[in-house]
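J.: The file below is run.cif, mmCIF, C-alpha atoms and all ligand atoms:
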```cif
data_input
#
loop_
_atom_site.label_atom_id
_atom_site.label_comp_id
_atom_site.auth_asym_id
_atom_site.auth_seq_id
_atom_site.Cartn_x
_atom_site.Cartn_y
_atom_site.Cartn_z
CA MET A 26 -215.04 149.20 -25.50
CA THR A 27 -218.72 149.97 -25.04
CA ILE A 28 -220.36 148.06 -22.16
CA ASN A 29 -223.88 146.81 -22.92
CA ILE A 30 -226.21 147.22 -19.96
CA LEU A 31 -229.79 145.94 -20.02
CA PHE A 32 -232.33 147.61 -17.73
CA ALA A 33 -234.75 144.78 -16.94
CA ALA A 34 -237.69 146.10 -14.98
CA LYS A 35 -241.21 147.40 -15.46
CA ALA A 36 -241.59 150.34 -17.87
CA GLU A 37 -242.38 152.87 -15.13
CA ARG A 38 -239.08 152.10 -13.43
CA TRP A 39 -237.21 152.91 -16.64
CA THR A 40 -238.86 156.33 -16.63
CA THR A 41 -237.54 156.87 -13.11
CA TYR A 42 -234.10 155.37 -13.56
CA GLN A 43 -233.03 156.26 -17.10
CA ALA A 44 -231.70 159.75 -16.28
CA PRO A 45 -229.99 159.06 -12.91
CA LEU A 46 -228.48 155.79 -14.11
CA THR A 47 -227.16 157.38 -17.30
CA GLU A 48 -225.67 160.21 -15.25
CA ALA A 49 -224.10 157.86 -12.70
CA LEU A 50 -222.56 155.61 -15.39
CA LYS A 51 -221.10 158.69 -17.11
CA ALA A 52 -219.78 160.01 -13.79
CA ALA A 53 -218.08 156.63 -13.23
CA GLY A 54 -216.19 157.22 -16.50
CA LEU A 55 -217.78 154.26 -18.27
CA GLU A 56 -218.42 154.00 -22.00
CA PHE A 57 -221.77 152.25 -22.16
CA ASP A 58 -224.97 151.51 -24.03
CA LEU A 59 -227.92 151.40 -21.58
CA ARG A 60 -231.19 150.06 -22.98
CA THR A 61 -234.34 148.17 -22.12
CA ASP A 62 -233.92 145.88 -25.10
CA PHE A 63 -230.86 144.08 -26.48
CA PRO A 64 -230.21 140.83 -28.30
CA PRO A 65 -229.51 138.69 -25.18
CA ALA A 66 -226.12 137.49 -26.42
CA GLU A 67 -224.83 141.10 -26.41
CA VAL A 68 -225.71 141.95 -22.80
CA GLU A 69 -222.90 142.22 -20.22
CA TYR A 70 -224.77 143.51 -17.17
CA ILE A 71 -228.43 143.40 -16.19
CA VAL A 72 -229.83 146.02 -13.84
CA TYR A 73 -232.73 144.05 -12.43
CA ALA A 74 -235.96 144.62 -10.53
CA PRO A 75 -238.64 142.10 -9.52
CA ASN A 76 -241.32 141.18 -12.08
CA SER A 77 -238.91 141.82 -14.91
CA ASP A 78 -239.56 140.06 -18.23
CA VAL A 79 -236.15 138.37 -17.92
CA GLN A 80 -236.74 135.05 -16.20
CA ASP A 81 -234.42 132.83 -18.25
CA PHE A 82 -230.80 133.97 -18.17
CA THR A 83 -229.56 131.15 -20.42
CA PRO A 84 -229.46 133.22 -23.65
CA TYR A 85 -227.36 135.92 -21.93
CA THR A 86 -224.08 134.22 -22.81
CA ARG A 87 -221.82 137.27 -22.21
CA LEU A 88 -223.44 138.24 -18.91
CA LYS A 89 -220.97 139.27 -16.17
CA ALA A 90 -223.33 140.17 -13.31
CA VAL A 91 -226.93 140.90 -12.39
CA LEU A 92 -227.37 144.00 -10.21
CA ASN A 93 -230.60 143.89 -8.24
CA LEU A 94 -232.20 147.27 -7.53
CA TRP A 95 -233.88 145.93 -4.39
CA ALA A 96 -232.36 144.87 -1.05
CA GLY A 97 -234.46 141.69 -1.09
CA VAL A 98 -233.51 139.15 -3.76
CA GLU A 99 -236.06 136.40 -3.15
CA ASP A 100 -237.51 136.81 -6.66
CA VAL A 101 -234.28 135.98 -8.42
CA VAL A 102 -231.89 134.26 -6.01
CA GLY A 103 -233.26 130.77 -6.68
CA ASN A 104 -233.23 131.12 -10.47
CA ALA A 105 -231.21 128.12 -11.67
CA THR A 106 -230.47 129.77 -15.03
CA LEU A 107 -228.54 132.55 -13.29
CA THR A 108 -224.92 131.46 -13.02
CA VAL A 109 -223.10 134.82 -12.75
CA PRO A 110 -222.76 136.91 -9.55
CA LEU A 111 -225.93 138.56 -8.23
CA THR A 112 -225.62 141.76 -6.21
CA ARG A 113 -228.28 143.36 -4.04
CA MET A 114 -228.98 146.95 -3.11
CA VAL A 115 -227.33 148.52 -0.12
CA ASP A 116 -228.00 152.21 -0.41
CA HIS A 117 -227.87 155.20 1.91
CA GLY A 118 -231.33 156.40 0.83
CA LEU A 119 -232.86 152.97 1.36
CA THR A 120 -231.25 152.62 4.79
CA GLN A 121 -232.19 156.11 5.97
CA GLY A 122 -235.79 155.63 4.79
CA MET A 123 -236.04 152.39 6.76
CA VAL A 124 -234.55 153.99 9.89
CA GLU A 125 -237.12 156.78 9.73
CA TRP A 126 -240.09 154.46 9.11
CA VAL A 127 -239.19 151.98 11.85
CA THR A 128 -238.33 154.71 14.34
CA GLY A 129 -241.69 156.39 13.74
CA HIS A 130 -243.67 153.20 14.28
CA THR A 131 -241.58 152.20 17.30
CA LEU A 132 -242.24 155.59 18.92
CA ARG A 133 -245.95 155.25 18.13
CA TYR A 134 -246.06 152.05 20.20
CA HIS A 135 -243.65 153.21 22.87
CA LEU A 136 -245.49 156.47 23.56
CA GLY A 137 -248.98 154.97 23.17
CA ILE A 138 -249.82 157.68 20.65
CA ASP A 139 -252.95 155.87 19.38
CA ALA A 140 -254.71 156.27 22.74
CA HIS A 141 -254.70 160.02 22.22
CA ILE A 142 -255.27 160.14 18.45
CA ASN A 143 -258.27 157.81 18.78
CA GLY A 144 -259.30 159.04 22.20
CA GLN A 145 -260.77 162.51 21.67
CA ASP A 146 -263.72 161.56 23.83
CA GLY A 147 -263.44 163.76 26.88
CA VAL A 148 -261.52 161.20 28.94
CA TRP A 149 -258.33 162.63 30.49
CA ARG A 150 -255.95 159.69 29.91
CA LYS A 151 -252.92 160.68 31.92
CA ASP A 152 -250.83 157.53 31.38
CA ILE A 153 -247.15 158.43 31.37
CA PRO A 154 -245.11 156.15 29.11
CA PRO A 155 -241.82 154.74 30.41
CA LEU A 156 -238.59 156.26 29.21
CA ALA A 157 -236.99 154.56 26.22
CA GLN A 158 -234.29 153.13 28.50
CA ASP A 159 -237.01 151.07 30.16
CA ARG A 160 -238.49 149.82 26.87
CA LYS A 161 -237.08 146.60 25.44
CA VAL A 162 -236.99 146.47 21.66
CA THR A 163 -235.75 143.51 19.63
CA VAL A 164 -234.59 143.71 16.03
CA LEU A 165 -234.51 140.42 14.11
CA GLY A 166 -231.84 140.84 11.43
CA LEU A 167 -228.70 142.90 11.97
CA GLY A 168 -227.74 143.48 8.35
CA ALA A 169 -227.47 146.76 6.47
CA LEU A 170 -230.95 147.82 7.58
CA GLY A 171 -231.30 146.07 10.94
CA ALA A 172 -227.95 147.39 12.18
CA ALA A 173 -228.80 150.97 11.17
CA VAL A 174 -232.24 150.71 12.78
CA SER A 175 -230.71 149.27 15.96
CA GLN A 176 -228.21 152.12 16.16
CA ALA A 177 -230.95 154.71 15.70
CA LEU A 178 -233.00 153.10 18.49
CA VAL A 179 -229.95 152.93 20.77
CA GLY A 180 -229.43 156.61 19.99
CA LEU A 181 -232.95 157.31 21.27
CA GLY A 182 -232.11 155.44 24.45
CA PHE A 183 -234.03 152.18 23.88
CA ASP A 184 -232.86 148.92 25.43
CA VAL A 185 -232.10 147.10 22.16
CA THR A 186 -231.50 143.41 21.51
CA GLY A 187 -230.55 142.23 18.03
CA TRP A 188 -230.54 138.80 16.44
CA SER A 189 -228.69 137.51 13.39
CA ARG A 190 -227.56 134.24 11.82
CA SER A 191 -223.87 134.71 12.61
CA ALA A 192 -222.34 136.39 15.67
CA LYS A 193 -222.31 140.20 15.46
CA THR A 194 -221.09 143.14 17.53
CA GLU A 195 -223.11 146.34 17.47
CA GLU A 196 -222.28 149.07 19.97
CA GLY A 197 -224.96 149.38 22.61
CA VAL A 198 -226.93 146.39 21.29
CA ASN A 199 -227.32 143.08 23.09
CA CYS A 200 -226.38 140.89 20.11
CA LEU A 201 -227.66 137.31 19.97
CA HIS A 202 -227.44 134.85 17.14
CA GLY A 203 -228.44 131.49 15.79
CA PRO A 204 -231.44 129.34 16.65
CA ALA A 205 -230.49 129.31 20.35
CA GLY A 206 -230.42 133.11 20.51
CA LEU A 207 -233.93 133.52 19.13
CA THR A 208 -235.72 132.50 22.31
CA ALA A 209 -233.80 135.02 24.40
CA ALA A 210 -234.33 137.70 21.74
CA LEU A 211 -238.09 137.14 21.79
CA GLU A 212 -238.48 136.75 25.56
CA THR A 213 -237.82 140.44 26.15
CA ALA A 214 -239.34 141.83 22.93
CA GLU A 215 -241.95 144.38 24.01
CA ILE A 216 -241.60 145.80 20.51
CA LEU A 217 -240.35 143.42 17.82
CA ILE A 218 -238.99 144.59 14.47
CA LEU A 219 -238.48 142.13 11.62
CA LEU A 220 -235.67 142.96 9.21
CA LEU A 221 -234.77 139.48 8.04
CA PRO A 222 -234.58 138.45 4.38
CA ASP A 223 -237.10 136.02 2.93
CA THR A 224 -235.28 132.68 2.76
CA GLN A 225 -236.10 129.06 3.48
CA ALA A 226 -234.51 129.43 6.91
CA THR A 227 -236.45 132.56 7.90
CA GLU A 228 -239.93 131.54 6.69
CA ASN A 229 -242.44 131.54 9.59
CA THR A 230 -239.88 132.86 12.07
CA LEU A 231 -242.99 134.18 13.82
CA ARG A 232 -245.44 131.33 14.38
CA ALA A 233 -247.53 130.10 17.30
CA GLU A 234 -244.64 128.75 19.36
CA THR A 235 -242.38 131.79 18.86
CA LEU A 236 -245.20 134.34 19.32
CA GLU A 237 -245.90 132.63 22.63
CA ILE A 238 -242.38 133.36 23.86
CA MET A 239 -242.92 137.13 23.57
CA PRO A 240 -244.18 139.18 26.52
CA LYS A 241 -247.99 139.35 26.62
CA GLY A 242 -249.21 142.51 24.89
CA ALA A 243 -246.12 142.95 22.73
CA CYS A 244 -246.22 144.84 19.43
CA ILE A 245 -244.79 143.75 16.08
CA ILE A 246 -243.44 145.85 13.22
CA ASN A 247 -242.73 143.94 10.00
CA PRO A 248 -241.00 145.81 7.19
CA GLY A 249 -238.99 142.64 6.30
CA ARG A 250 -241.06 140.26 4.16
CA GLY A 251 -244.50 138.67 4.45
CA PRO A 252 -243.37 135.03 4.70
CA LEU A 253 -241.46 135.78 7.92
CA ILE A 254 -244.82 135.52 9.68
CA ASN A 255 -247.39 132.72 9.81
CA ASP A 256 -250.45 134.89 9.24
CA HIS A 257 -252.95 132.48 10.78
CA ASP A 258 -250.90 132.26 13.97
CA LEU A 259 -250.42 136.03 14.19
CA LEU A 260 -254.17 136.62 13.83
CA GLU A 261 -254.78 134.12 16.65
CA ALA A 262 -252.21 135.87 18.82
CA LEU A 263 -253.82 139.24 18.08
CA ASN A 264 -257.27 137.90 18.90
CA SER A 265 -256.10 136.42 22.19
CA GLY A 266 -254.28 139.59 23.22
CA GLN A 267 -250.89 137.84 23.28
CA ILE A 268 -249.90 140.38 20.65
CA ALA A 269 -251.45 143.81 21.21
CA HIS A 270 -250.85 145.31 17.78
CA ALA A 271 -248.98 144.68 14.53
CA THR A 272 -247.82 147.10 11.86
CA LEU A 273 -247.33 145.16 8.65
CA ASP A 274 -245.73 146.65 5.55
CA VAL A 275 -245.11 143.43 3.61
CA PHE A 276 -247.30 140.43 2.83
CA ARG A 277 -247.22 137.04 1.14
CA VAL A 278 -249.47 138.47 -1.57
CA GLU A 279 -249.04 142.11 -2.60
CA PRO A 280 -251.07 144.20 -3.01
CA LEU A 281 -252.81 142.73 0.03
CA PRO A 282 -256.16 141.35 -1.26
CA ILE A 283 -259.22 143.32 -0.14
CA GLU A 284 -260.69 140.27 1.61
CA ASP A 285 -257.57 139.71 3.74
CA PRO A 286 -258.48 139.82 7.47
CA TYR A 287 -255.55 142.10 8.20
CA TRP A 288 -257.33 145.04 6.52
CA ALA A 289 -260.28 144.97 8.92
CA HIS A 290 -258.48 143.90 12.08
CA PRO A 291 -258.69 146.64 14.71
CA ASN A 292 -255.23 145.81 16.03
CA VAL A 293 -253.39 145.79 12.72
CA THR A 294 -252.00 148.67 10.71
CA VAL A 295 -251.43 147.81 7.06
CA THR A 296 -249.00 149.90 5.07
CA PRO A 297 -248.49 149.22 1.33
CA HIS A 298 -244.82 148.14 1.16
CA ILE A 299 -243.62 151.69 1.65
CA ALA A 300 -241.25 151.27 4.58
CA SER A 301 -238.37 152.23 2.34
CA GLU A 302 -237.80 152.55 -1.37
CA THR A 303 -234.59 152.28 -3.31
CA ARG A 304 -233.78 155.92 -4.16
CA PRO A 305 -232.95 156.27 -7.87
CA THR A 306 -230.08 158.75 -7.51
CA THR A 307 -228.10 156.99 -4.80
CA ALA A 308 -229.00 153.52 -6.08
CA SER A 309 -227.80 154.43 -9.58
CA GLN A 310 -224.46 155.52 -8.15
CA ASN A 311 -224.16 152.13 -6.43
CA VAL A 312 -224.94 150.27 -9.65
CA ALA A 313 -222.45 152.37 -11.62
CA ASP A 314 -219.82 151.89 -8.93
CA ASN A 315 -220.26 148.13 -9.04
CA ILE A 316 -220.04 147.97 -12.86
CA GLN A 317 -216.93 150.13 -12.72
CA ARG A 318 -215.42 147.80 -10.10
CA SER A 319 -216.17 144.78 -12.21
CA GLU A 320 -214.67 146.37 -15.32
CA THR A 321 -211.46 147.26 -13.45
CA GLY A 322 -211.04 143.81 -11.92
CA GLN A 323 -212.14 144.73 -8.39
CA PRO A 324 -214.54 142.50 -6.47
CA LEU A 325 -218.22 143.39 -6.69
CA LEU A 326 -219.85 144.82 -3.58
CA HIS A 327 -222.91 143.28 -1.88
CA VAL A 328 -222.76 139.94 -3.65
CA VAL A 329 -225.58 137.61 -2.67
CA ASP A 330 -224.70 134.23 -1.17
CA ARG A 331 -226.81 132.01 -3.40
CA ALA A 332 -226.68 129.10 -0.94
CA LEU A 333 -227.94 131.21 1.98
CA GLY A 334 -230.44 133.02 -0.25
CA TYR A 335 -229.52 136.58 0.80
P1 LIG A 401 -228.95 142.00 4.95
O1 LIG A 401 -228.72 140.84 4.06
O2 LIG A 401 -227.92 143.07 5.04
O3 LIG A 401 -229.21 141.49 6.45
C1 LIG A 401 -229.99 140.39 6.74
C2 LIG A 401 -229.86 140.08 8.23
O4 LIG A 401 -230.70 138.96 8.53
C3 LIG A 401 -228.45 139.70 8.64
O5 LIG A 401 -228.15 140.20 9.91
C4 LIG A 401 -228.52 138.18 8.68
O6 LIG A 401 -227.60 137.56 9.55
C5 LIG A 401 -229.92 137.98 9.19
N1 LIG A 401 -230.38 136.62 8.86
C6 LIG A 401 -230.51 136.06 7.64
N2 LIG A 401 -230.93 134.78 7.75
C7 LIG A 401 -231.05 134.53 9.09
C8 LIG A 401 -231.41 133.40 9.85
N3 LIG A 401 -231.73 132.25 9.27
N4 LIG A 401 -231.41 133.52 11.20
C9 LIG A 401 -231.07 134.67 11.80
N5 LIG A 401 -230.71 135.79 11.12
C10 LIG A 401 -230.70 135.72 9.79
O7 LIG A 401 -230.36 142.62 4.52
P2 LIG A 401 -230.86 144.13 4.70
O8 LIG A 401 -230.67 144.53 6.11
O9 LIG A 401 -230.32 144.99 3.64
O10 LIG A 401 -232.42 143.93 4.37
C11 LIG A 401 -233.23 143.06 5.14
C12 LIG A 401 -234.56 142.84 4.45
O11 LIG A 401 -235.37 144.01 4.53
C13 LIG A 401 -234.47 142.59 2.94
O12 LIG A 401 -234.11 141.25 2.66
C14 LIG A 401 -235.88 142.90 2.50
O13 LIG A 401 -236.66 141.73 2.60
C15 LIG A 401 -236.37 143.92 3.53
N6 LIG A 401 -236.60 145.24 2.94
C16 LIG A 401 -237.88 145.78 3.00
C17 LIG A 401 -238.14 147.01 2.48
C18 LIG A 401 -239.51 147.60 2.60
O14 LIG A 401 -239.76 148.67 2.04
N7 LIG A 401 -240.41 146.99 3.31
C19 LIG A 401 -237.09 147.81 1.82
C20 LIG A 401 -235.80 147.17 1.82
C21 LIG A 401 -235.59 145.93 2.35
P3 LIG A 401 -226.01 137.70 9.32
O15 LIG A 401 -225.69 139.13 9.72
O16 LIG A 401 -225.43 136.71 10.23
O17 LIG A 401 -225.77 137.43 7.86
#
```
Is it possible to express this structure as structure tokens?
T.:
Amino acid sequence: MTINILFAAKAERWTTYQAPLTEALKAAGLEFDLRTDFPPAEVEYIVYAPNSDVQDFTPYTRLKAVLNLWAGVEDVVGNATLTVPLTRMVDHGLTQGMVEWVTGHTLRYHLGIDAHINGQDGVWRKDIPPLAQDRKVTVLGLGALGAAVSQALVGLGFDVTGWSRSAKTEEGVNCLHGPAGLTAALETAEILILLLPDTQATENTLRAETLEIMPKGACIINPGRGPLINDHDLLEALNSGQIAHATLDVFRVEPLPIEDPYWAHPNVTVTPHIASETRPTTASQNVADNIQRSETGQPLLHVVDRALGY
């Protein structure tokens, strides 16, 4: 029986995904019809990306699952018309990209690279940075991405603390969890990395009273999601010197509006949501694998907990 799969995303994504997804579905031994347009009542799976035209799932009466191409699901997880399982993207390419991006920005702060890039002024700045073992880094979120990032930083020798909702064990990482663990996780965070999902519980994780807990002059790297930070409070903390610098990849409004104070702030680096992208080849294999699992009665991988929102 042919499986009807709707690709619901912006047109440019179809251009990128059509070939690798077709190949991956074939390689999984599936007989399928993959299109960007179907009568809703015929669709069995939706491969989904944010800003898709599909916002009302009610007419999709034969739908078995929605497979999100992104790791973050905040655009769709609260959709009350979606009653079938929702999966999110966990992908080697996505994870490796995030590890590389976070490691690069962590080393920038750790080594004080900016002082030399911006300091070609004849001053011989012979400040020796500490070794990584003497640098305390905290990673908020120990999921697919946060755990991989933590392991990479441990591999470089950093003194790594991690924080998650439930208790976790990660080799070489001081693992804390729950609301009580957050204070301890922030107290030592000379460099703080946010890899939490955007949910009701994580909104404004960084705000005046939590920023205050961090060591004076700490640096922040946010490749998680914009709403994790109260922007007003972060700007105050940057202006007072409580936070020395922030590298922000994600924002409440994207693209970041030209008038946003982050653009002009001397102690902020803005990057345009490029920390890591879902890689079409590996992501397509994951989607095909999950459809194949579903069709053969195996449980889907990476199913989102709709109540928790991630
Ligand atoms: P996961 O769902 O695998 O991990 C999320 C982690 O956050 C888990 O450790 C979870 O705890 C923790 N967490 C969730 N809620 C809370 C809470 N209330 N308190 C404490 N900890 C909490 O997600 P990923 O690692 O795959 O991705 C993380 C986020 O990264 C995505 O949601 C997305 O927003 C962002 N992202 C950004 C990209 C970019 O290019 N900028 C690219 C890809 C993703 P527990 O382990 O207990 O469940």
J.: Could you tell me which of A:Arg38, A:His135, A:His327, A:His298 comes closest to ligand LIG 401 (chain A) if we count all atoms listed in the file?
T.: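 Among the listed residues, A:His298 lies closest to ligand LIG 401 (chain A).
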J.: Taking only C-alpha atoms and all ligand atoms into account, which residues are within 8 Å of ligand LIG 401 (chain A), as an mmCIF file with C-alpha atoms, in the coordinates of the input?
T.:
```cif
data_model
loop_
_atom_site.group_PDB
_atom_site.id
_atom_site.type_symbol
_atom_site.label_atom_id
_atom_site.label_comp_id
_atom_site.auth_asym_id
_atom_site.auth_seq_id
_atom_site.Cartn_x
_atom_site.Cartn_y
_atom_site.Cartn_z
ATOM 1 C CA TRP A 95 -233.880 145.930 -4.390
ATOM 2 C CA ALA A 96 -232.360 144.870 -1.050
ATOM 3 C CA GLY A 97 -234.460 141.690 -1.090
ATOM 4 C CA VAL A 98 -233.510 139.150 -3.760
ATOM 5 C CA GLU A 99 -236.060 136.400 -3.150
ATOM 6 C CA MET A 114 -228.980 146.950 -3.110
ATOM 7 C CA VAL A 115 -227.330 148.520 -0.120
ATOM 8 C CA LEU A 119 -232.860 152.970 1.360
ATOM 9 C CA THR A 120 -231.250 152.620 4.790
ATOM 10 C CA MET A 123 -236.040 152.390 6.760
ATOM 11 C CA LEU A 165 -234.510 140.420 14.110
ATOM 12 C CA GLY A 166 -231.840 140.840 11.430
ATOM 13 C CA LEU A 167 -228.700 142.900 11.970
ATOM 14 C CA GLY A 168 -227.740 143.480 8.350
ATOM 15 C CA ALA A 169 -227.470 146.760 6.470
ATOM 16 C CA LEU A 170 -230.950 147.820 7.580
ATOM 17 C CA GLY A 171 -231.300 146.070 10.940
ATOM 18 C CA ALA A 172 -227.950 147.390 12.180
ATOM 19 C CA TRP A 188 -230.540 138.800 16.440
ATOM 20 C CA SER A 189 -228.690 137.510 13.390
ATOM 21 C CA ARG A 190 -227.560 134.240 11.820
ATOM 22 C CA SER A 191 -223.870 134.710 12.610
ATOM 23 C CA ALA A 192 -222.340 136.390 15.670
ATOM 24 C CA LYS A 193 -222.310 140.200 15.460
ATOM 25 C CA HIS A 202 -227.440 134.850 17.140
ATOM 26 C CA GLY A 203 -228.440 131.490 15.790
ATOM 27 C CA PRO A 204 -231.440 129.340 16.650
ATOM 28 C CA LEU A 207 -233.930 133.520 19.130
ATOM 29 C CA LEU A 219 -238.480 142.130 11.620
ATOM 30 C CA LEU A 220 -235.670 142.960 9.210
ATOM 31 C CA LEU A 221 -234.770 139.480 8.040
ATOM 32 C CA PRO A 222 -234.580 138.450 4.380
ATOM 33 C CA ASP A 223 -237.100 136.020 2.930
ATOM 34 C CA THR A 224 -235.280 132.680 2.760
ATOM 35 C CA GLN A 225 -236.100 129.060 3.480
ATOM 36 C CA ALA A 226 -234.510 129.430 6.910
ATOM 37 C CA THR A 227 -236.450 132.560 7.900
ATOM 38 C CA ASN A 247 -242.730 143.940 10.000
ATOM 39 C CA PRO A 248 -241.000 145.810 7.190
ATOM 40 C CA GLY A 249 -238.990 142.640 6.300
ATOM 41 C CA ARG A 250 -241.060 140.260 4.160
ATOM 42 C CA ASP A 274 -245.730 146.650 5.550
ATOM 43 C CA VAL A 275 -245.110 143.430 3.610
ATOM 44 C CA HIS A 298 -244.820 148.140 1.160
ATOM 45 C CA ILE A 299 -243.620 151.690 1.650
ATOM 46 C CA ALA A 300 -241.250 151.270 4.580
ATOM 47 C CA SER A 301 -238.370 152.230 2.340
ATOM 48 C CA GLU A 302 -237.800 152.550 -1.370
ATOM 49 C CA THR A 303 -234.590 152.280 -3.310
ATOM 50 C CA LEU A 333 -227.940 131.210 1.980
ATOM 51 C CA TYR A 335 -229.520 136.580 0.800
#
```
J.: Restricting the calculation to all atoms listed in the file: of A:Ala44, A:Leu31, A:Cys200, A:Val148, which residue gets closest to Arg60 (chain A)?
T.: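 Of A:Ala44, A:Leu31, A:Cys200, A:Val148, the one nearest Arg60 (chain A) is A:Leu31, counting all atoms listed in the file.
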J.: What is the CA of Val79 (chain A)-CA of Leu92 (chain A) distance in Å, reported with one decimal?
T.: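 Value for the CA of Val79 (chain A)-CA of Leu92 (chain A) distance: 13.0 Å.
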J.: Using all atoms listed in the file, determine which residues lie at most 7 Å from region 157-160 of chain A, disregarding the query and same-chain residues fewer than 5 positions distant; provide the list as an NGL selection string.
T.: :A and (181-184)
J.: Here is a test: counting all atoms listed in the file, which residue of A:Gly137, A:Gly187, A:Gly242, A:Pro65 is nearest to Gly266 (chain A)?
T.: A:Gly242
J.: Find the residue from A:Pro252, A:Pro155, A:Gly322, A:Gly144 that sits nearest to Leu132 (chain A); use all atoms listed in the file when measuring.
T.: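 Under the stated criterion, the closest residue is A:Pro155.
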J.: Using all atoms listed in the file, can you tell me which of A:Asp314, A:Ala173, A:Arg304, A:Gln323 comes closest to Thr41 (chain A)?
T.: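 Among the listed residues, A:Arg304 lies closest to Thr41 (chain A).
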J.: Please work out which residues fall within 8 Å of (-232.1, 136.4, -6.8), coordinates as given in the file, with only C-alpha atoms counting, and return them as an MDAnalysis selection string.
T.: chainID A and resid 93 98:104 111 329 331 334
J.: Identify the residues around (-247.1, 141.1, 10.1) within a radius of 12 Å, measuring from all atoms listed in the file in the coordinates stated by the file, and give them as a PyMOL selection string.
T.: chain A and resi 217-220+229-232+236+244-260+262-263+268+270-277+281+286-288+290+292-296+298
J.: Point out the residue among A:Pro280, A:Pro305, A:Pro324, A:Gly206 with the least atom-to-atom distance to Ala49 (chain A), counting only C-alpha atoms.
T.: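 When distances to Ala49 (chain A) are compared using only C-alpha atoms, the smallest one comes from A:Pro305.
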J.: Provide the CA of Pro297 (chain A) to CA of Phe32 (chain A) distance in Å, to one decimal place.
T.: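 Spanning CA of Pro297 (chain A) to CA of Phe32 (chain A) is a straight-line distance of 25.0 Å.
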J.: Which neighbours of Leu88 (chain A) fall inside 10 Å, counting only C-alpha atoms, when residues of the same chain fewer than 3 positions from it are skipped, and could you give them as a list in words?
T.: Asn29, Ile30, Pro65, Ala66, Glu67, Val68, Glu69, Tyr70, Ile71, Phe82, Thr83, Pro84, Tyr85, Val91, Leu107, Thr108, Val109 and Pro110 of chain A
J.: Work out how far CA of Lys35 (chain A) is from CA of Ala74 (chain A), in Å to one decimal.
T.: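 Going from CA of Ala74 (chain A) over to CA of Lys35 (chain A), I get 7.7 Å.
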J.: Can you give me N, CA and C atoms for region 192-203 of chain A, written as an mmCIF file, in the coordinates of the input?
T.:
```cif
data_model
loop_
_atom_site.group_PDB
_atom_site.id
_atom_site.type_symbol
_atom_site.label_atom_id
_atom_site.label_comp_id
_atom_site.auth_asym_id
_atom_site.auth_seq_id
_atom_site.Cartn_x
_atom_site.Cartn_y
_atom_site.Cartn_z
ATOM 1 N N ALA A 192 -222.605 135.506 14.524
ATOM 2 C CA ALA A 192 -222.340 136.390 15.670
ATOM 3 C C ALA A 192 -221.993 137.798 15.181
ATOM 4 N N LYS A 193 -222.506 138.798 15.867
ATOM 5 C CA LYS A 193 -222.310 140.200 15.460
ATOM 6 C C LYS A 193 -221.961 141.033 16.693
ATOM 7 N N THR A 194 -221.299 142.171 16.449
ATOM 8 C CA THR A 194 -221.090 143.140 17.530
ATOM 9 C C THR A 194 -221.631 144.475 17.055
ATOM 10 N N GLU A 195 -222.561 145.013 17.776
ATOM 11 C CA GLU A 195 -223.110 146.340 17.470
ATOM 12 C C GLU A 195 -223.077 147.134 18.763
ATOM 13 N N GLU A 196 -222.430 148.290 18.744
ATOM 14 C CA GLU A 196 -222.280 149.070 19.970
ATOM 15 C C GLU A 196 -223.641 149.364 20.613
ATOM 16 N N GLY A 197 -223.749 149.057 21.867
ATOM 17 C CA GLY A 197 -224.960 149.380 22.610
ATOM 18 C C GLY A 197 -226.088 148.381 22.418
ATOM 19 N N VAL A 198 -225.874 147.358 21.576
ATOM 20 C CA VAL A 198 -226.930 146.390 21.290
ATOM 21 C C VAL A 198 -226.556 145.044 21.903
ATOM 22 N N ASN A 199 -227.510 144.428 22.559
ATOM 23 C CA ASN A 199 -227.320 143.080 23.090
ATOM 24 C C ASN A 199 -227.473 142.120 21.903
ATOM 25 N N CYS A 200 -226.341 141.664 21.362
ATOM 26 C CA CYS A 200 -226.380 140.890 20.110
ATOM 27 C C CYS A 200 -226.467 139.388 20.399
ATOM 28 N N LEU A 201 -227.477 138.760 19.848
ATOM 29 C CA LEU A 201 -227.660 137.310 19.970
ATOM 30 C C LEU A 201 -227.666 136.730 18.567
ATOM 31 N N HIS A 202 -227.433 135.428 18.478
ATOM 32 C CA HIS A 202 -227.440 134.850 17.140
ATOM 33 C C HIS A 202 -227.833 133.375 17.160
ATOM 34 N N GLY A 203 -228.162 132.914 15.980
ATOM 35 C CA GLY A 203 -228.440 131.490 15.790
ATOM 36 C C GLY A 203 -229.760 131.068 16.425
#
```
